[in-house]
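What follows is the content of entry00.txt, which has compact mmCIF, C-alpha atoms:
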# COMPACT_ATOMS: atom_id res chain seq x y z
CA MET A 1 18.36 -49.82 84.72
CA ARG A 2 21.78 -48.25 84.62
CA ARG A 3 22.11 -47.41 80.94
CA ILE A 4 23.35 -44.50 78.91
CA ILE A 5 21.31 -43.37 75.90
CA ALA A 6 22.58 -40.61 73.62
CA SER A 7 25.32 -39.67 76.12
CA VAL A 8 22.92 -39.11 79.04
CA VAL A 9 23.66 -40.80 82.37
CA SER A 10 20.80 -41.15 84.82
CA VAL A 11 22.58 -40.33 88.08
CA LEU A 12 21.52 -38.33 91.10
CA ALA A 13 23.17 -36.20 93.77
CA ILE A 14 24.54 -35.68 97.29
CA ALA A 15 26.82 -33.19 99.03
CA VAL A 16 29.37 -34.93 101.27
CA ALA A 17 32.53 -34.12 103.12
CA LEU A 18 35.91 -35.24 101.83
CA VAL A 19 37.62 -37.63 104.27
CA PRO A 20 40.92 -39.24 103.19
CA MET A 21 41.09 -42.99 103.73
CA GLU A 22 43.69 -45.59 102.87
CA PRO A 23 42.43 -48.43 100.65
CA ARG A 24 42.59 -51.91 102.10
CA ALA A 25 43.79 -54.99 100.33
CA ALA A 26 40.97 -57.40 99.57
CA ARG A 27 39.91 -60.22 97.32
CA ALA A 28 36.61 -61.80 96.35
CA PHE A 29 35.12 -64.51 98.56
CA PRO A 30 35.16 -68.00 97.01
CA ALA A 31 31.56 -68.61 96.06
CA THR A 32 29.10 -70.44 93.83
CA ASN A 33 26.13 -69.07 91.90
CA GLY A 34 23.03 -68.07 93.85
CA ARG A 35 19.89 -66.16 92.93
CA ILE A 36 19.61 -63.03 90.82
CA VAL A 37 18.21 -59.94 92.52
CA PHE A 38 16.59 -57.28 90.34
CA ARG A 39 14.29 -54.27 90.47
CA SER A 40 10.78 -54.47 89.02
CA ASP A 41 7.96 -51.96 88.64
CA ARG A 42 5.27 -54.66 88.60
CA GLY A 43 3.72 -53.68 91.95
CA GLY A 44 2.84 -50.09 91.09
CA GLY A 45 6.27 -48.87 92.17
CA ALA A 46 9.86 -50.08 92.18
CA ASP A 47 10.51 -53.05 94.48
CA LEU A 48 13.21 -55.69 94.67
CA PHE A 49 12.64 -59.27 93.52
CA SER A 50 14.83 -62.34 93.13
CA ILE A 51 14.79 -65.34 90.80
CA SER A 52 16.79 -68.54 90.40
CA ALA A 53 19.30 -68.64 87.55
CA ASP A 54 17.08 -71.16 85.73
CA GLY A 55 14.12 -68.76 85.78
CA THR A 56 12.16 -70.52 88.53
CA GLY A 57 11.26 -69.55 92.07
CA GLU A 58 10.58 -65.87 91.55
CA ALA A 59 10.14 -64.11 94.90
CA ARG A 60 9.47 -60.60 96.15
CA VAL A 61 12.20 -59.17 98.40
CA THR A 62 10.71 -55.78 99.35
CA ARG A 63 7.17 -54.45 99.61
CA THR A 64 7.16 -50.82 100.72
CA ALA A 65 5.55 -47.47 99.93
CA THR A 66 8.91 -46.25 98.61
CA ASP A 67 10.90 -47.10 95.48
CA GLU A 68 13.88 -49.46 95.86
CA LEU A 69 16.45 -49.02 93.07
CA ASP A 70 19.90 -50.22 91.96
CA PRO A 71 20.27 -53.44 94.01
CA ALA A 72 23.79 -54.72 94.67
CA VAL A 73 24.25 -58.04 96.49
CA SER A 74 27.15 -58.05 98.94
CA PRO A 75 30.21 -60.25 98.26
CA GLU A 76 29.19 -62.81 100.91
CA GLY A 77 25.60 -62.85 99.61
CA SER A 78 23.78 -61.96 102.84
CA ARG A 79 23.10 -58.24 102.24
CA ILE A 80 21.66 -56.06 99.50
CA ALA A 81 22.68 -52.42 99.08
CA PHE A 82 20.13 -50.29 97.26
CA ALA A 83 18.87 -46.74 96.80
CA ARG A 84 15.51 -45.87 98.34
CA ARG A 85 13.42 -42.86 97.32
CA PRO A 86 9.87 -41.70 98.09
CA ARG A 87 7.43 -42.36 95.29
CA SER A 88 6.23 -38.77 95.58
CA GLY A 89 9.70 -37.24 95.25
CA SER A 90 13.13 -37.53 93.69
CA GLY A 91 15.49 -37.73 96.67
CA SER A 92 17.13 -41.06 97.50
CA ASP A 93 19.46 -42.46 100.14
CA LEU A 94 21.48 -45.65 100.37
CA PHE A 95 20.27 -48.56 102.50
CA VAL A 96 21.48 -52.09 103.18
CA ARG A 97 18.97 -54.90 103.65
CA GLY A 98 19.74 -58.12 105.52
CA LEU A 99 21.18 -59.11 108.88
CA GLY A 100 18.22 -57.71 110.83
CA GLY A 101 16.35 -55.62 108.24
CA PRO A 102 17.05 -52.45 106.27
CA VAL A 103 19.78 -50.19 107.69
CA ARG A 104 20.18 -46.64 106.44
CA VAL A 105 23.74 -45.86 105.34
CA THR A 106 23.28 -42.27 104.14
CA ALA A 107 20.79 -39.56 105.12
CA THR A 108 20.94 -36.33 103.15
CA PRO A 109 18.39 -34.05 101.45
CA VAL A 110 19.77 -34.94 98.00
CA PRO A 111 20.01 -38.34 96.27
CA GLU A 112 22.66 -41.06 96.11
CA ARG A 113 22.51 -43.80 93.47
CA HIS A 114 24.20 -46.88 92.00
CA PRO A 115 25.92 -48.50 95.02
CA ALA A 116 28.65 -51.11 94.47
CA TRP A 117 30.43 -53.14 97.14
CA SER A 118 34.11 -53.39 97.93
CA PRO A 119 35.12 -57.06 97.61
CA ASP A 120 35.56 -57.41 101.38
CA GLY A 121 32.03 -56.10 102.01
CA THR A 122 33.11 -53.19 104.23
CA ARG A 123 32.63 -50.18 101.90
CA ILE A 124 30.25 -48.97 99.22
CA VAL A 125 31.18 -46.82 96.24
CA TYR A 126 28.39 -44.78 94.62
CA THR A 127 27.59 -41.81 92.37
CA ALA A 128 26.72 -38.35 93.69
CA ARG A 129 27.21 -34.67 92.97
CA ALA A 130 30.24 -32.97 94.52
CA SER A 131 27.84 -30.20 95.62
CA ARG A 132 24.17 -29.39 95.07
CA ALA A 133 24.88 -27.86 91.65
CA GLY A 134 28.20 -29.60 91.07
CA PRO A 135 29.21 -32.36 88.66
CA PHE A 136 28.58 -36.04 89.24
CA ARG A 137 31.50 -37.77 90.97
CA LEU A 138 32.34 -41.05 92.72
CA PHE A 139 32.27 -41.35 96.49
CA ALA A 140 32.91 -44.21 98.91
CA VAL A 141 31.50 -44.75 102.39
CA ASN A 142 31.92 -47.27 105.19
CA MET A 143 29.03 -49.59 106.00
CA ASP A 144 28.25 -47.53 109.10
CA GLY A 145 27.99 -44.33 107.05
CA ARG A 146 31.35 -43.00 108.18
CA ASP A 147 34.46 -41.97 106.23
CA ARG A 148 32.70 -40.61 103.15
CA THR A 149 35.44 -39.95 100.62
CA GLN A 150 35.35 -38.26 97.23
CA LEU A 151 37.30 -40.45 94.80
CA THR A 152 37.10 -38.57 91.49
CA SER A 153 37.33 -34.96 90.33
CA HIS A 154 38.00 -33.24 87.02
CA PRO A 155 38.29 -29.54 86.13
CA MET A 156 36.35 -29.97 82.87
CA GLY A 157 33.06 -30.83 84.59
CA GLY A 158 31.09 -33.67 83.03
CA TYR A 159 30.15 -36.70 85.08
CA ASP A 160 31.73 -39.77 86.68
CA ALA A 161 29.21 -42.56 87.26
CA ASP A 162 28.33 -46.26 87.39
CA PRO A 163 31.20 -47.55 89.58
CA ALA A 164 32.32 -51.19 89.87
CA TRP A 165 34.97 -52.34 92.37
CA SER A 166 37.63 -54.79 91.11
CA PRO A 167 37.72 -58.21 92.83
CA ASP A 168 41.17 -57.55 94.35
CA GLY A 169 39.98 -54.23 95.82
CA SER A 170 42.71 -52.17 94.15
CA THR A 171 40.76 -50.28 91.47
CA ILE A 172 37.27 -49.05 90.58
CA ALA A 173 35.95 -48.98 87.01
CA PHE A 174 33.54 -46.19 86.10
CA VAL A 175 32.01 -44.22 83.23
CA SER A 176 32.93 -40.63 82.41
CA ASP A 177 32.51 -38.09 79.61
CA ARG A 178 35.35 -35.95 80.95
CA VAL A 179 37.22 -35.97 77.62
CA GLY A 180 35.53 -35.34 74.27
CA GLY A 181 31.95 -35.57 75.48
CA PHE A 182 31.54 -39.30 74.79
CA PRO A 183 30.99 -41.66 77.76
CA GLU A 184 34.04 -43.92 78.09
CA ILE A 185 35.21 -46.43 80.69
CA TYR A 186 37.99 -45.46 83.09
CA VAL A 187 39.57 -46.99 86.19
CA VAL A 188 40.81 -45.25 89.32
CA ASP A 189 42.80 -46.63 92.23
CA ALA A 190 40.71 -47.28 95.33
CA ASP A 191 42.28 -44.28 97.07
CA GLY A 192 41.20 -41.95 94.25
CA SER A 193 44.59 -41.72 92.52
CA GLY A 194 45.85 -42.99 89.17
CA HIS A 195 42.97 -42.39 86.72
CA ARG A 196 43.40 -44.43 83.53
CA ARG A 197 41.24 -44.50 80.42
CA LEU A 198 40.30 -47.95 79.07
CA THR A 199 38.09 -47.15 76.04
CA GLU A 200 38.48 -44.37 73.48
CA ASN A 201 36.03 -44.01 70.58
CA THR A 202 33.07 -42.00 69.34
CA LEU A 203 30.59 -44.52 70.75
CA ILE A 204 28.89 -44.72 74.17
CA ASP A 205 30.45 -47.17 76.64
CA ALA A 206 28.75 -47.83 79.99
CA ASN A 207 27.89 -50.34 82.76
CA PRO A 208 31.34 -51.81 83.52
CA ALA A 209 31.27 -55.12 85.43
CA TRP A 210 34.39 -57.02 86.53
CA SER A 211 34.68 -60.75 86.03
CA PRO A 212 35.14 -62.62 89.34
CA ASP A 213 38.82 -63.30 88.59
CA GLY A 214 39.44 -59.65 87.69
CA SER A 215 40.82 -60.43 84.24
CA ARG A 216 37.94 -59.01 82.16
CA ILE A 217 35.34 -56.27 82.20
CA ALA A 218 31.90 -56.65 80.63
CA PHE A 219 30.22 -53.45 79.46
CA THR A 220 27.48 -51.95 77.27
CA ARG A 221 28.34 -50.20 73.98
CA CYS A 222 26.02 -48.02 71.89
CA CYS A 223 25.49 -47.74 69.04
CA PRO A 224 27.58 -49.34 66.27
CA GLY A 225 24.52 -51.11 64.85
CA GLY A 226 21.92 -48.65 66.09
CA ASP A 227 21.33 -50.41 69.41
CA HIS A 228 23.00 -51.39 72.69
CA ASP A 229 25.05 -54.59 72.85
CA LEU A 230 27.24 -56.31 75.42
CA TYR A 231 31.01 -56.40 75.03
CA LEU A 232 33.99 -57.86 76.91
CA MET A 233 37.52 -56.50 77.23
CA ASP A 234 40.63 -57.35 79.20
CA ALA A 235 41.16 -55.43 82.43
CA ASP A 236 43.64 -53.12 80.70
CA GLY A 237 41.16 -52.22 77.94
CA SER A 238 42.65 -54.50 75.27
CA ASN A 239 41.05 -57.38 73.33
CA VAL A 240 37.56 -55.91 72.98
CA VAL A 241 35.09 -58.65 71.95
CA ARG A 242 31.41 -58.26 71.08
CA LEU A 243 29.28 -60.62 73.17
CA THR A 244 25.79 -59.94 71.72
CA ASP A 245 24.77 -58.86 68.23
CA SER A 246 21.01 -58.69 67.87
CA PRO A 247 18.36 -56.08 67.02
CA ALA A 248 17.36 -56.00 70.70
CA GLU A 249 18.72 -53.55 73.27
CA GLU A 250 21.03 -55.35 75.74
CA THR A 251 22.43 -53.50 78.74
CA ASP A 252 23.53 -53.68 82.37
CA PRO A 253 25.64 -56.87 82.58
CA THR A 254 26.50 -58.56 85.87
CA TRP A 255 28.70 -61.68 86.21
CA SER A 256 27.76 -64.96 87.85
CA PRO A 257 30.03 -65.62 90.86
CA ASP A 258 31.67 -68.58 89.05
CA GLY A 259 32.42 -66.43 85.99
CA THR A 260 30.70 -68.68 83.45
CA ARG A 261 27.60 -66.56 82.70
CA LEU A 262 26.28 -63.02 82.80
CA ALA A 263 22.85 -61.66 83.65
CA TYR A 264 21.67 -58.57 81.80
CA VAL A 265 18.62 -56.56 80.71
CA ALA A 266 17.16 -56.87 77.20
CA PHE A 267 14.17 -55.50 75.33
CA PRO A 268 13.14 -55.09 71.68
CA ALA A 269 14.57 -52.05 69.94
CA GLY A 270 12.03 -49.25 69.91
CA GLY A 271 10.12 -50.56 72.94
CA GLY A 272 8.60 -53.74 74.33
CA ASN A 273 8.99 -56.00 77.34
CA VAL A 274 12.05 -55.21 79.48
CA ASP A 275 13.29 -58.44 81.06
CA VAL A 276 16.25 -60.09 82.77
CA TRP A 277 18.24 -62.56 80.65
CA THR A 278 21.37 -64.66 81.10
CA ILE A 279 24.06 -65.62 78.60
CA ASP A 280 27.23 -67.71 78.60
CA ALA A 281 30.49 -65.77 78.89
CA ASP A 282 31.30 -66.81 75.30
CA GLY A 283 28.01 -65.38 73.97
CA GLY A 284 26.03 -68.63 73.74
CA ASN A 285 22.80 -69.84 75.33
CA ALA A 286 20.97 -66.55 75.79
CA THR A 287 18.04 -67.33 78.12
CA ARG A 288 15.11 -65.16 79.16
CA LEU A 289 14.36 -65.35 82.89
CA THR A 290 11.52 -62.89 83.47
CA THR A 291 8.36 -62.31 81.41
CA HIS A 292 6.26 -59.87 83.40
CA PRO A 293 4.85 -56.94 81.35
CA ALA A 294 6.36 -54.44 83.81
CA PRO A 295 10.05 -53.52 83.42
CA ASP A 296 12.56 -55.79 85.19
CA LEU A 297 15.86 -53.96 85.62
CA ALA A 298 19.32 -53.80 87.24
CA PRO A 299 20.20 -57.46 87.94
CA SER A 300 22.77 -58.39 90.59
CA TRP A 301 23.92 -62.01 91.01
CA GLU A 302 24.06 -63.42 94.54
CA ALA A 303 27.19 -65.22 95.69
CA VAL A 304 26.83 -68.29 97.90
CA PRO A 305 30.08 -68.56 99.89
CA THR A 306 32.06 -71.79 99.55
CA CYS A 307 33.02 -72.90 103.06
CA THR A 308 36.68 -73.78 103.52
CA VAL A 309 36.16 -74.67 107.23
CA SER A 310 32.77 -76.08 108.32
CA GLY A 311 31.14 -76.91 111.64
CA THR A 312 28.80 -79.75 112.58
CA PRO A 313 25.32 -79.76 114.20
CA GLY A 314 27.04 -79.99 117.60
CA ASP A 315 29.34 -77.72 119.59
CA ASP A 316 32.56 -77.17 117.65
CA THR A 317 35.94 -75.54 117.99
CA LEU A 318 36.88 -74.23 114.54
CA GLU A 319 40.26 -72.86 113.56
CA GLY A 320 41.08 -70.91 110.43
CA THR A 321 44.36 -71.24 108.58
CA THR A 322 47.19 -68.79 107.99
CA THR A 323 45.59 -67.85 104.66
CA SER A 324 42.15 -66.42 103.91
CA ASP A 325 39.16 -68.62 104.82
CA VAL A 326 35.38 -68.84 104.69
CA ILE A 327 34.49 -70.37 108.06
CA CYS A 328 30.92 -71.64 108.44
CA GLY A 329 29.69 -72.54 111.89
CA GLY A 330 27.06 -75.24 112.29
CA ASP A 331 24.30 -75.57 114.86
CA GLY A 332 25.33 -75.60 118.49
CA SER A 333 27.55 -73.24 120.46
CA ASP A 334 30.82 -72.87 118.61
CA GLU A 335 34.23 -71.43 119.43
CA ILE A 336 35.66 -69.98 116.21
CA ARG A 337 39.13 -68.52 115.72
CA ALA A 338 39.52 -67.01 112.27
CA GLY A 339 43.30 -67.33 112.10
CA ASP A 340 45.62 -65.14 110.07
CA GLY A 341 44.61 -63.74 106.71
CA TRP A 342 41.47 -62.03 105.46
CA ASP A 343 38.48 -64.13 106.56
CA LEU A 344 34.71 -64.39 106.29
CA VAL A 345 33.09 -66.02 109.36
CA LEU A 346 29.44 -67.07 109.14
CA ALA A 347 28.35 -68.18 112.59
CA GLY A 348 25.55 -70.75 112.76
CA PRO A 349 22.57 -70.94 115.15
CA GLY A 350 23.55 -71.17 118.80
CA ASP A 351 25.59 -69.10 121.25
CA ASP A 352 28.87 -68.60 119.40
CA THR A 353 32.15 -66.92 120.28
CA VAL A 354 34.15 -65.64 117.31
CA ASP A 355 37.67 -64.18 117.41
CA GLY A 356 38.86 -62.36 114.31
CA GLN A 357 42.62 -62.79 114.95
CA LEU A 358 44.99 -61.26 112.37
CA GLY A 359 43.85 -59.67 109.12
CA ASP A 360 40.72 -57.77 108.06
CA ASP A 361 37.73 -59.99 108.88
CA LEU A 362 34.00 -59.93 108.20
CA ILE A 363 32.14 -61.69 111.03
CA VAL A 364 28.40 -62.39 110.70
CA GLY A 365 26.40 -63.69 113.64
CA ALA A 366 23.28 -65.87 113.49
CA GLU A 367 20.49 -66.81 115.90
CA GLY A 368 21.63 -66.95 119.52
CA ASP A 369 23.62 -64.81 121.92
CA ASP A 370 26.96 -64.31 120.19
CA THR A 371 30.24 -62.72 121.20
CA LEU A 372 32.00 -61.24 118.18
CA ARG A 373 35.56 -59.98 118.65
CA GLY A 374 37.61 -58.05 116.18
CA ARG A 375 41.33 -58.33 116.82
CA ALA A 376 44.21 -57.03 114.72
CA GLY A 377 43.02 -55.46 111.47
CA TYR A 378 39.90 -53.63 110.31
CA ASP A 379 36.91 -55.85 111.10
CA GLY A 380 33.21 -55.78 110.29
CA LEU A 381 30.96 -57.27 112.99
CA PHE A 382 27.29 -58.04 112.30
CA GLY A 383 25.03 -59.23 115.08
CA SER A 384 21.77 -61.02 114.31
CA GLN A 385 18.86 -62.42 116.35
CA GLY A 386 19.67 -62.65 120.04
CA THR A 387 21.75 -60.50 122.37
CA ASP A 388 25.14 -59.98 120.76
CA ALA A 389 28.27 -58.42 122.25
CA CYS A 390 30.76 -56.86 119.84
CA PHE A 391 34.38 -55.90 120.46
CA ARG A 392 35.88 -53.54 117.92
CA GLY A 393 39.25 -54.53 116.40
CA ALA A 394 42.61 -52.81 116.96
CA GLU A 395 42.37 -50.86 113.69
CA GLY A 396 38.69 -50.02 114.13
CA GLY A 397 35.86 -51.34 112.02
CA PHE A 398 32.10 -51.13 111.88
CA LEU A 399 29.35 -52.72 113.95
CA ARG A 400 25.72 -53.56 113.15
CA GLY A 401 23.07 -55.37 115.18
CA CYS A 402 25.16 -55.38 118.37
CA GLU A 403 23.27 -54.97 121.66
CA THR A 404 26.43 -54.30 123.72
CA LEU A 405 29.93 -53.07 123.00
CA ALA A 406 33.16 -54.03 124.72
CA ALA A 407 32.54 -51.68 127.67
CA GLY A 408 29.11 -53.23 128.30
CA ARG A 409 27.09 -50.21 127.24
CA ARG A 410 24.26 -50.28 124.72
CA PRO A 411 25.44 -48.74 121.46
CA PRO A 412 23.83 -45.43 120.44
CA GLY A 413 21.04 -45.84 117.91
CA GLY A 414 20.99 -49.61 118.42
CA ARG A 415 24.04 -49.95 116.23
Is it possible to express this structure as structure tokens?
Amino acid sequence: MRRIIASVVSVLAIAVALVPMEPRAARAFPATNGRIVFRSDRGGGADLFSISADGTGEARVTRTATDELDPAVSPEGSRIAFARRPRSGSGSDLFVRGLGGPVRVTATPVPERHPAWSPDGTRIVYTARASRAGPFRLFAVNMDGRDRTQLTSHPMGGYDADPAWSPDGSTIAFVSDRVGGFPEIYVVDADGSGHRRLTENTLIDANPAWSPDGSRIAFTRCCPGGDHDLYLMDADGSNVVRLTDSPAEETDPTWSPDGTRLAYVAFPAGGGNVDVWTIDADGGNATRLTTHPAPDLAPSWEAVPTCTVSGTPGDDTLEGTTTSDVICGGDGSDEIRAGDGWDLVLAGPGDDTVDGQLGDDLIVGAEGDDTLRGRAGYDGLFGSQGTDACFRGAEGGFLRGCETLAAGRRPPGGR
């Protein structure tokens, strides 16, 4: 559970190199509400579980001898970023689960925590130390572990933590005690410039979460009434509204993809069952989803992409538009051209050929032998079951699950 009590942030560390990188324009995928992924200690250690938004269909996602922490579902809903640590130690690294199993993103002797996705699904922002004994700062990394970039710094020490990427990809909200010793919410441009303070008080503000349209930020505030409650504010820090007002502790909000509800963690003040709840965005209809005696923490709401171009059970030729699309292939062997704009392509079962065309595209293969081609732009290519050939785009990109690259050689490390 990412919460701040009495001005203490629970964040861990990593030493990384500083690599400058230009931010890329992005926007959230059109999507509907899916399942809620959360961490639970009910199995003797921390594993990931999921549950439907109505509280039914609880399912276990991971079952390992390690602890899985801080789940973050990717914008297209097919991957989960999380921190993994040994149950006998304190070090943790970032992994991504989905599209062929867990893939390690970072590998260092010191921990990384609290991953959050860029809205185009190509980068992860997280919290780490600037050095082994240095202050906590924000860093971003590509999905293939490359281009680690330090985004925040401050001469006064303190910490920067709990990042959340805005839906348009331009800014990152985070928590810092860099001024005055009280945790407040700030934003920084995606390239690490332009720090701006959004809250300023003698309270503790934490857990920022952007609404899907980018107009509001939900957050946790402690302790005007002696406990943690949920609040909303406009993206510029104005119009602060209290969402919950109860004797329980309420923390760690995350928005539903359609923006109508939030999931969060609640438990009785002073101790008791720690569970996942949901609530309407206007503060009504608070609903308890989990009831297990073990703590259920850190919810993340899955997005189910809304297809703007769809295939059939047969062999199709699918064309994207000049704007941004979600293209969903059906069964059969499909020819898919993403078109101009920033696109998400979800290939269906069968032997598919996908061309990214113009713009920054995210291309996800399915069962079958697929050919995935990046073109102009910075493209992410994900192979799946079968023998997949991947062709990197003109501006680079990242590859996962590809058996062969453009030159016909097997990628190192099975990448």
field: Near-Asn239 (chain A) list (12 Å; all atoms listed in the file; drop same-chain fewer than 5 positions) as a PyMOL selection string
entry: chain A and resi 198-199+215-218+231-234
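Distance check against Gly259 (chain A) using all atoms listed in the file: of A:Pro212, A:Gly365, A:Gly341, A:Gly359, the minimum falls on A:Pro212.
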query: Neighbours of Ile336 (chain A) within 6 Å (all atoms listed in the file; same-chain residues fewer than 4 positions away dropped), as a list of chain:residue names?
result: A:Thr317, A:Leu318, A:Val354
task: One decimal, Å: what's the distance from CA of Val345 (chain A) over to CA of Thr254 (chain A), could you say?
output: 25.5 Å
- request: In the coordinate frame of the file, compute which residues have an atom within 7 Å of (45.8, -51.6, 111.4) when using only C-alpha atoms, and state them as a PyMOL selection string.
  value: chain A and resi 376-378+394-395
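Proximity to Ile363 (chain A) was assessed for A:Thr404, A:Thr291, A:Thr122, A:Thr387 counting all atoms listed in the file; the smallest distance is recorded for A:Thr122.
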Identify, on the basis of all atoms listed in the file, every residue whose closest approach to region 45-60 of chain A does not exceed 7 Å; exclude the query and any residue fewer than 3 positions from it along the same chain; express the result as a compact mmCIF listing (two decimals) with C-alpha atoms, in the frame of the given file.
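This went into out.txt:
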# COMPACT_ATOMS: atom_id res chain seq x y z
CA ARG A 35 19.89 -66.16 92.93
CA ILE A 36 19.61 -63.03 90.82
CA VAL A 37 18.21 -59.94 92.52
CA PHE A 38 16.59 -57.28 90.34
CA ARG A 39 14.29 -54.27 90.47
CA SER A 40 10.78 -54.47 89.02
CA ASP A 41 7.96 -51.96 88.64
CA ARG A 42 5.27 -54.66 88.60
CA ARG A 63 7.17 -54.45 99.61
CA ASP A 67 10.90 -47.10 95.48
CA GLU A 68 13.88 -49.46 95.86
CA LEU A 69 16.45 -49.02 93.07
CA LEU A 289 14.36 -65.35 82.89
CA THR A 290 11.52 -62.89 83.47
- line: Shortest contact to Ala164 (chain A), candidates A:Val125, A:Ala303, A:Leu230, A:Ala298, atoms counted all atoms listed in the file, goes to A:Val125
message: Please report the interatomic distance between CA of Pro183 (chain A) and CA of Phe136 (chain A) in Å with one decimal.
response: 13.0 Å
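CA of His228 (chain A) is found 5.4 Å from CA of Glu250 (chain A).
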query: Near Asp162 (chain A), counting only C-alpha atoms, which residues have an atom at most 12 Å away, once you skip same-chain residues fewer than 5 positions from it, shown as a PyMOL selection string?
result: chain A and resi 1-4+9-12+70+112-116+125-128+136-139+172-176+183-187+205-209+219-220+252-253+298
- request: Taking (13.3, -58.1, 71.1) in the file's own coordinates, collect the residues within 8 Å, counting only C-alpha atoms, and hand them back as a VMD selection string.
  value: chain A and resid 247 to 249 266 to 269 272 to 273
